[in-house]
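Student: My questions all concern the structure below.
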Amino acid sequence: MTANRPVSGRAALSAVAVALALVPLALGGSAYYLRIATLALIFMGYTVAFNIIFGHTRQLFLCLGALAGASAYVSVVLTMKLSMSPWLTIPIGIAVAALLGGAFSYVSVRRSLGVIFVGIVTLVFSMIFHNLVLGLRDWTNGETGLETKAIAPAVLSGGLPSYYAILAVLLVALVAYHLLMRSRAGTAFQAIADDELAAELAGIDVTAYKVFAASVGSALLGAIGALHAYYGGFISPTVFALSSIDIVVLVALLLGGMGTLLGPVLGGILFTLIDELVRPLGQLNVVVYGIMIVLLVVTFRHGVVAMLGKRLKIRLP
Amino acid sequence: MLAILIDGIVQGLQLSLMAVGITLIFGLGGVLNLAHGQIAVIGGIATALLLAAGLHPLLASVLGVLSAGAFGLIMDRTILVPAYRYQGEERLLLGLLITLGLSFVVNGFLDVRYPTVALTLPLPTPSFTVGAITVRTASAAVAVIALAAFALLFAFLKGTLLGKVVRSIMQNEVGAGLCGINSGRIRTLIVALSAMMAGLAGVMQGLFSSLGTELGNEFTSFALIVAVIGGVRSVNGTLVAGVLLGIVNAYASYYVGAYLTLLILLVTAAGTILVRPQGLFAFRT
């Protein structure tokens with residue numbers, strides 16, 4: 001087989017930026033489809049974060065919704081109760097998410113928990129978060145949730161401005177991801193994903209890099225979570241539930257391809273298309289997600305990016 | 001006071017019955033079954049449907065438990081096969097994701113197909129009196145059935161050759177294979193058995209109160225908490241942890257409310273993993 005021609009990360013990033021920037025034009029001004037496209041960007045952002053945490057350092061965080069929700073609730077509640085500017089509270093929310101994610105990672109690495117125990121601990125945290133939000137009724141308004149329309153930053157109130165604002169954040173995240181993977185840390189992540197013990201023996205500080213990956217990923221989760229909260233117009237435990245965030249992100253990442261730059265983007269697009277196709281099924285869409293997880297895990301573990309690369313004889317980033 | 005204690009013990013036994021399945025499947029198959037509560041619900045809903053078809057409650061219950069077992073059998077022989085091809089971490093991860101997906105499929109399907117079906121099994125005499133206390137017949141029945149199931153399980157594990165084989169695989173799968181044990185077949189047997197115990201726990205829920213399709217996730221999370229606190233490789237530990245958790249749950253719900261209780265249990269589970277990953281009560285398998 002001839003060597004596959006590599007596609008540079010910069011070219012891929014530019015292509016993604018141009019393609020996603022043109023999407024609103026293609027939608028022809030339909031507010032409904034613009035909303036779906038914006039939500040797709042939000043989920044791509046979550047997937048990029050999960051890709052750093054799980055795709056590169058094999059830490060199975062099943063609390064993506066909870067971390068994003070923690071940041072969103074911190075920001076919204078602070079903004080409402082203390083009438084602070086959202087621009088001030090969003091960084092606080094992000095810091096909370098990053099600290100929580102970093103702490104989980106630190107504890108799990110220190111206790112050398114296997115992938116499954118990290119999964120259980122974070123799953124339990126998801127449940128704790130859900131119950132706390134339901135229980136702290138005075139602040140969070142329980143199951144009913146909080147309206148965020150009135151306090152949203154101006155840029156996130158219109159349809160088109162929000163799309164481009166969120167796209168900008170996503171592109172910054174993708175560029176940061178690209179630079180991170182080309183740096184020393186990226187090489188370390190690669191080594192950790194291949195063989196943790198060997199990486200440790202080669203002198204890589206596995207603890208530090210895993211905690212770093214988890215913190216960066218969680219910070220991104222927090223940032224996107226806050227955007228999600230203000231863009232969506234209201235937050236409730238259901239918005240950030242395991243089945244609304246974690247499952248979708250898991251499917252999108254498996255679909256796109258773990259540990260790749262384009263995986264989260266392509267996975268997010270494909271997932272949105274599939275989700276639109278199964279919308280007529282109503283509540284049965286959960287069944288479709290479940291079937292997709294099983295099928296993807298069993299038969300299609302390398303994702304679309306790897307498949308496209310093989311077909312087109314190119315090496316995609 | 002005593003009534004709460006009895007309630008707690010009985011509920012704990014029911015929890016243990018579910019959690020022990022998670023323990024067995026994890027210990028033997030190396031798969032953490034996140035669809036276990038859903039299997040319990042399948043057993044209960046099957047019973048409810050058979051009851052509605054006019055079957056005798058006892059027969060319906062037996063068939064319901066068997067259908068949960070059949071579901072476990074099919075799960076093991078079909079969608080878990082790809083996971084079994086791998087070893088160690090890889091298998092754990094695949095198994096976790098596959099059963100997570102499966103739990104969504106089962107939940108979604110049952111919610112949409114049978115949204116209003118619920119299982120209630122009323123007993124002819126609601127309660128009886130022993131000495132000074134009144135005992136609900138349902139509680140007594142659940143306790144007797146659960147204890148009988150556990151006695152059978154222990155007799156099987158400790159007393160029979162097959163049980164010895166099961167324990168040998170739990171200790172060392174490769175070693176057992178070298179001694180000529182076909183671990184795949186034993187695994188299928190144990191998964192089906194665990195699914196039946198989960199189904200039994202689901203039917204029991206119908207005895208106390210009622211079982212609807214929405215309970216699957218709650219069952220899975222409680223069973224997972226019990227299995228984790230008891231030690232995911234220890235059957236004894238799971239039984240002890242289940243009963244203790246049942247008692248704590250009953251008293252705490254009475255004094256501090258259900259909301260705080262659940263939080264306490266969740267924090268205990270998370271703490272257990274961090275402090276003693278092998279489980280608080282893991283003495284021997």
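A note on labels: chains of the structure tokens are A, B, ... as shown, every chain counts residues from 1, and ligands are counted from 1 in their shown order.
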Env of segment 269-279 of chain A: 10 Å cut, atoms = only C-alpha atoms, seq-sep filter 4 positions within chain, self excluded. Answer as a list in words.

Tutor: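 Neighbouring residues, sequence-local ones excluded: Ile36, Ala37, Leu39, Ala40, Leu41, Phe43, Met44, Val248, Val249, Val251, Ala252, Leu253, Leu255, Gly256, Gly263, Pro264, Val265, Gln283, Leu284, Asn285, Val286, Val288, Tyr289 and Val304 of chain A.
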
Student: Distance limit 7 Å, atoms considered: only C-alpha atoms. Which chain A residues sit that close to chain B? Return them as a compact mmCIF listing (two decimals) with N, CA and C atoms, in the first residue's frame.

Tutor:
# COMPACT_ATOMS: atom_id res chain seq x y z
N ARG A 111 -5.53 6.87 43.44
CA ARG A 111 -6.00 5.59 43.96
C ARG A 111 -5.82 4.50 42.91
N VAL A 115 -10.47 1.97 34.64
CA VAL A 115 -11.37 2.79 33.86
C VAL A 115 -12.80 2.65 34.37
N ILE A 116 -13.13 1.44 34.83
CA ILE A 116 -14.50 1.18 35.24
C ILE A 116 -14.86 1.92 36.53
N VAL A 121 -17.45 6.22 39.77
CA VAL A 121 -17.35 7.41 40.62
C VAL A 121 -18.01 8.60 39.94
N VAL A 124 -21.74 8.24 39.83
CA VAL A 124 -22.32 8.57 41.12
C VAL A 124 -22.35 10.09 41.30
N ILE A 128 -25.42 12.52 42.20
CA ILE A 128 -25.37 13.47 43.30
C ILE A 128 -25.74 14.85 42.79
N GLY A 135 -32.77 19.15 45.00
CA GLY A 135 -33.00 19.40 46.42
C GLY A 135 -32.82 20.85 46.82
N GLN A 283 -40.41 9.74 21.52
CA GLN A 283 -39.66 9.25 22.68
C GLN A 283 -38.77 8.06 22.36
N LEU A 284 -39.09 7.38 21.24
CA LEU A 284 -38.29 6.21 20.89
C LEU A 284 -36.86 6.58 20.51
N VAL A 286 -34.55 7.61 22.26
CA VAL A 286 -33.62 7.05 23.25
C VAL A 286 -33.22 5.64 22.85
N VAL A 287 -34.18 4.88 22.32
CA VAL A 287 -33.90 3.52 21.86
C VAL A 287 -32.86 3.57 20.75
N GLY A 290 -29.46 4.19 22.13
CA GLY A 290 -28.95 2.97 22.77
C GLY A 290 -28.43 2.00 21.73
N ILE A 291 -29.24 1.77 20.68
CA ILE A 291 -28.82 0.84 19.62
C ILE A 291 -27.54 1.34 18.97
N ILE A 293 -25.15 3.20 20.32
CA ILE A 293 -23.99 2.96 21.18
C ILE A 293 -23.52 1.52 21.02
N VAL A 294 -24.48 0.58 21.13
CA VAL A 294 -24.10 -0.83 21.06
C VAL A 294 -23.45 -1.13 19.72
N VAL A 297 -19.97 0.59 19.35
CA VAL A 297 -18.95 -0.02 20.19
C VAL A 297 -18.53 -1.36 19.60
N VAL A 298 -19.51 -2.11 19.08
CA VAL A 298 -19.23 -3.45 18.63
C VAL A 298 -18.56 -3.47 17.26

Student: Pick the closest to Asn249 of chain B from B:Val232, B:Leu63, B:Ala151, B:Val226: which is it, counting only C-alpha atoms?

Tutor: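 Looking at the shortest contact to Asn249 of chain B, the residue is B:Val226.
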
Student: List as an mmCIF file with N, CA and C atoms, in the first residue's frame the protein and nucleic acid residues near Ala176 of chain B, meaning an atom at most 12 Å away when only C-alpha atoms are counted, but skip any in the same chain fewer than 6 places from it.

Tutor:
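Once everything was written out, this is part28.cif:
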data_model
loop_
_atom_site.group_PDB
_atom_site.id
_atom_site.type_symbol
_atom_site.label_atom_id
_atom_site.label_comp_id
_atom_site.auth_asym_id
_atom_site.auth_seq_id
_atom_site.Cartn_x
_atom_site.Cartn_y
_atom_site.Cartn_z
ATOM 1 N N LEU B 28 -17.425 -12.875 37.460
ATOM 2 C CA LEU B 28 -17.240 -14.014 36.577
ATOM 3 C C LEU B 28 -16.986 -13.593 35.148
ATOM 4 N N LYS B 164 -18.216 -24.810 42.679
ATOM 5 C CA LYS B 164 -16.768 -24.719 42.854
ATOM 6 C C LYS B 164 -16.124 -24.200 41.572
ATOM 7 N N VAL B 165 -16.648 -24.692 40.441
ATOM 8 C CA VAL B 165 -16.151 -24.248 39.142
ATOM 9 C C VAL B 165 -16.358 -22.735 39.000
ATOM 10 N N VAL B 166 -17.566 -22.289 39.383
ATOM 11 C CA VAL B 166 -17.884 -20.863 39.293
ATOM 12 C C VAL B 166 -16.893 -20.060 40.118
ATOM 13 N N ARG B 167 -16.652 -20.521 41.357
ATOM 14 C CA ARG B 167 -15.732 -19.765 42.214
ATOM 15 C C ARG B 167 -14.319 -19.784 41.658
ATOM 16 N N SER B 168 -13.957 -20.906 41.030
ATOM 17 C CA SER B 168 -12.592 -20.969 40.475
ATOM 18 C C SER B 168 -12.434 -19.951 39.346
ATOM 19 N N ILE B 169 -13.487 -19.793 38.542
ATOM 20 C CA ILE B 169 -13.377 -18.813 37.450
ATOM 21 C C ILE B 169 -13.297 -17.399 38.029
ATOM 22 N N MET B 170 -14.056 -17.151 39.115
ATOM 23 C CA MET B 170 -14.012 -15.829 39.711
ATOM 24 C C MET B 170 -12.605 -15.513 40.218
ATOM 25 N N ASN B 182 -14.734 -24.782 30.698
ATOM 26 C CA ASN B 182 -15.214 -23.929 29.616
ATOM 27 C C ASN B 182 -15.901 -22.714 30.244
ATOM 28 N N SER B 183 -15.128 -21.629 30.409
ATOM 29 C CA SER B 183 -15.668 -20.519 31.196
ATOM 30 C C SER B 183 -16.822 -19.824 30.485
ATOM 31 N N GLY B 184 -16.856 -19.898 29.142
ATOM 32 C CA GLY B 184 -17.942 -19.260 28.407
ATOM 33 C C GLY B 184 -19.305 -19.824 28.783
ATOM 34 N N ILE B 186 -20.153 -21.505 31.544
ATOM 35 C CA ILE B 186 -20.472 -21.205 32.934
ATOM 36 C C ILE B 186 -20.955 -19.761 33.045
#

Student: Grab the atom CA of Gly230 of chain B to atom CA of Gln278 of chain B distance for me, in Å with one decimal place.

Tutor: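 Atom CA of Gly230 of chain B sits 8.2 Å away from atom CA of Gln278 of chain B.
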
Student: From a DSSP calculation on the backbone, collect every residue of segment 37-216 of chain B in helix (DSSP H, G or I) and output the set as a PyMOL selection string.

Tutor: chain B and resi 37-52+57-77+81-84+88-113+137-159+161-171+173-178+183-208+213-216

Student: To one decimal in Å, tell me the separation between atom CA of Gly44 of chain B and atom CA of Gly246 of chain B.

Tutor: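 Rounded to one decimal, the two atoms are 20.6 Å apart.
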
Student: Mind giving me the straight-line distance from atom CA of Leu189 of chain B to atom CA of His56 of chain B in Å, one decimal?

Tutor: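 That distance, rounded to one decimal, is 27.8 Å.
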
Student: Excluding same-chain residues fewer than 6 positions from Pro237 of chain A, what lies within 7 Å of it counting only C-alpha atoms, as a PyMOL selection string?

Tutor: chain A and resi 130+133+143

Student: Output the selection as a PDB file, in the first residue's frame - C-alpha atoms for each residue.

Tutor:
ATOM      1  CA  HIS A 130     -28.930  15.706  39.820  1.00  0.00           C
ATOM      2  CA  VAL A 133     -30.128  20.464  41.906  1.00  0.00           C
ATOM      3  CA  GLU A 143     -37.318  20.301  38.381  1.00  0.00           C
TER       4      GLU A 143
END
